[in-house]
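Enquirer: One file: coords_12.txt (compact mmCIF, C-alpha atoms and all ligand atoms).
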```
# COMPACT_ATOMS: atom_id res chain seq x y z
CA MET A 36 -16.62 -0.08 1.17
CA SER A 37 -16.69 -3.62 -0.15
CA LEU A 38 -13.74 -5.17 -1.90
CA PRO A 39 -15.46 -5.48 -5.31
CA THR A 40 -16.48 -1.84 -5.05
CA PHE A 41 -12.96 -0.95 -4.14
CA LEU A 42 -11.50 -2.79 -7.11
CA GLU A 43 -14.08 -1.29 -9.39
CA ARG A 44 -13.20 2.17 -8.22
CA TYR A 45 -9.45 1.65 -8.07
CA GLY A 46 -9.01 -0.60 -11.06
CA THR A 47 -5.36 -0.28 -11.90
CA GLU A 48 -2.33 -1.31 -9.93
CA ALA A 49 -1.15 2.26 -9.54
CA GLN A 50 -4.58 3.40 -8.43
CA CYS A 51 -4.83 0.52 -5.96
CA ARG A 52 -1.49 1.40 -4.45
CA ASP A 53 -2.27 5.07 -4.22
CA ALA A 54 -5.60 4.35 -2.59
CA LEU A 55 -4.06 1.92 -0.10
CA ARG A 56 -1.31 4.34 0.74
CA GLN A 57 -3.78 7.11 1.37
CA MET A 58 -5.88 4.82 3.55
CA ARG A 59 -2.92 3.82 5.68
CA TRP A 60 -1.27 7.23 5.79
CA PRO A 61 -3.89 9.91 5.16
CA GLY A 62 -1.35 12.59 6.09
CA GLY A 63 1.44 11.06 4.02
CA PHE A 64 3.71 8.07 4.48
CA ARG A 65 5.54 7.62 7.78
CA CYS A 66 7.84 4.67 8.30
CA PRO A 67 6.44 2.62 11.23
CA HIS A 68 9.99 1.67 12.20
CA CYS A 69 11.88 4.96 12.18
CA GLY A 70 9.28 7.63 11.39
CA HIS A 71 10.97 8.74 8.18
CA ALA A 72 8.70 10.16 5.49
CA GLY A 73 10.78 9.26 2.44
CA TYR A 74 10.10 6.03 0.60
CA CYS A 75 10.30 4.32 -2.73
CA GLN A 76 7.91 1.80 -4.23
CA LEU A 77 9.07 -1.60 -5.30
CA ARG A 78 7.98 -2.76 -8.70
CA GLY A 79 5.41 -5.51 -8.69
CA HIS A 80 4.87 -5.56 -4.94
CA PRO A 81 2.37 -3.69 -2.80
CA VAL A 82 5.25 -2.60 -0.62
CA LEU A 83 6.96 0.66 0.25
CA GLN A 84 10.62 0.77 1.21
CA CYS A 85 11.78 3.36 3.70
CA ASN A 86 14.60 5.50 2.35
CA ARG A 87 16.29 5.73 5.73
CA CYS A 88 16.15 2.30 7.38
CA LYS A 89 15.42 0.39 4.15
CA ARG A 90 12.72 -1.68 5.81
CA GLN A 91 9.78 -2.70 3.70
CA VAL A 92 6.26 -1.83 4.72
CA SER A 93 3.34 -3.76 3.29
CA LEU A 94 0.54 -1.69 1.88
CA THR A 95 -2.00 -4.41 2.46
CA ALA A 96 -1.27 -5.32 6.10
CA GLY A 97 -4.06 -3.96 8.27
CA THR A 98 -6.36 -3.30 5.34
CA LEU A 99 -9.24 -5.26 3.93
CA PHE A 100 -6.83 -6.97 1.55
CA ALA A 101 -4.92 -8.65 4.36
CA ARG A 102 -7.82 -10.98 5.14
CA THR A 103 -8.78 -11.88 1.62
CA HIS A 104 -7.25 -14.22 -0.88
CA LEU A 105 -7.77 -11.80 -3.69
CA PRO A 106 -4.54 -10.53 -5.14
CA LEU A 107 -3.94 -6.93 -5.98
CA ARG A 108 -3.91 -6.41 -9.68
CA ILE A 109 -0.18 -6.58 -10.11
CA GLY A 110 1.86 -7.71 -13.02
ZN ZN B 1 12.35 3.65 8.25
```
Turn this file's structure into structure tokens for me.

Expert:
Amino acid sequence: MSLPTFLERYGTEAQCRDALRQMRWPGGFRCPHCGHAGYCQLRGHPVLQCNRCKRQVSLTAGTLFARTHLPLRIG
């Protein structure tokens, strides 16, 4: 899927985040640091914060967004 197609399909911030999260963790979020499944989302950032170790996990790292200069539609 191309990036423009992606943005067209997932036009809102919430939709972008949901789509990215499902791409990275098709079976549900798992913290890459401690394996915990609980998280919260930080406002205005494409980042999830683990509820156990409190580390932040980027939604865009390792996805097509990481190599582009296009921002997510945030704010
Ligand atoms: Zn963790």

Enquirer: CA of Thr95 (chain A) to CA of Trp60 (chain A): how many Å, to one decimal?

Expert: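 That distance, rounded to one decimal, is 12.1 Å.
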
Enquirer: Grab me every residue within 10 Å of ligand ZN 1 (chain B), counting only C-alpha atoms and all ligand atoms, and send it over as a VMD selection string.

Expert: chain A and resid 65 to 74 84 to 92

Enquirer: Would you mind exporting C-alpha atoms of the selected residues as a PDB file, in the frame of the given file?

Expert:
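See out.pdb below for the written result:
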```pdb
ATOM      1  CA  ARG A  65       5.540   7.620   7.780  1.00  0.00           C
ATOM      2  CA  CYS A  66       7.840   4.670   8.300  1.00  0.00           C
ATOM      3  CA  PRO A  67       6.440   2.620  11.230  1.00  0.00           C
ATOM      4  CA  HIS A  68       9.990   1.670  12.200  1.00  0.00           C
ATOM      5  CA  CYS A  69      11.880   4.960  12.180  1.00  0.00           C
ATOM      6  CA  GLY A  70       9.280   7.630  11.390  1.00  0.00           C
ATOM      7  CA  HIS A  71      10.970   8.740   8.180  1.00  0.00           C
ATOM      8  CA  ALA A  72       8.700  10.160   5.490  1.00  0.00           C
ATOM      9  CA  GLY A  73      10.780   9.260   2.440  1.00  0.00           C
ATOM     10  CA  TYR A  74      10.100   6.030   0.600  1.00  0.00           C
ATOM     11  CA  GLN A  84      10.620   0.770   1.210  1.00  0.00           C
ATOM     12  CA  CYS A  85      11.780   3.360   3.700  1.00  0.00           C
ATOM     13  CA  ASN A  86      14.600   5.500   2.350  1.00  0.00           C
ATOM     14  CA  ARG A  87      16.290   5.730   5.730  1.00  0.00           C
ATOM     15  CA  CYS A  88      16.150   2.300   7.380  1.00  0.00           C
ATOM     16  CA  LYS A  89      15.420   0.390   4.150  1.00  0.00           C
ATOM     17  CA  ARG A  90      12.720  -1.680   5.810  1.00  0.00           C
ATOM     18  CA  GLN A  91       9.780  -2.700   3.700  1.00  0.00           C
ATOM     19  CA  VAL A  92       6.260  -1.830   4.720  1.00  0.00           C
TER      20      VAL A  92
END
```

Enquirer: When distances are computed from all atoms listed in the file, which of A:Phe64, A:Pro39, A:Met58, A:Asp53 shows the smallest separation from Pro81 (chain A)?

Expert: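 Residue with the minimum atom-to-atom distance to Pro81 (chain A): A:Asp53.
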
Enquirer: One decimal, Å: what's the distance from CA of Leu77 (chain A) over to CA of Glu43 (chain A), could you say?

Expert: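 A separation of 23.5 Å between them.
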
Enquirer: Point out the residue among A:Ser37, A:Thr47, A:Gln76, A:Gly63 with the least atom-to-atom distance to Ser93 (chain A), counting all atoms listed in the file.

Expert: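 Result for the nearest residue to Ser93 (chain A): A:Gln76.
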
Enquirer: Quick one: distance from CA of Ala96 (chain A) to CA of Ala54 (chain A) in Å, one decimal?

Expert: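 Atom-to-atom, CA of Ala96 (chain A) and CA of Ala54 (chain A) are spaced 13.7 Å apart.
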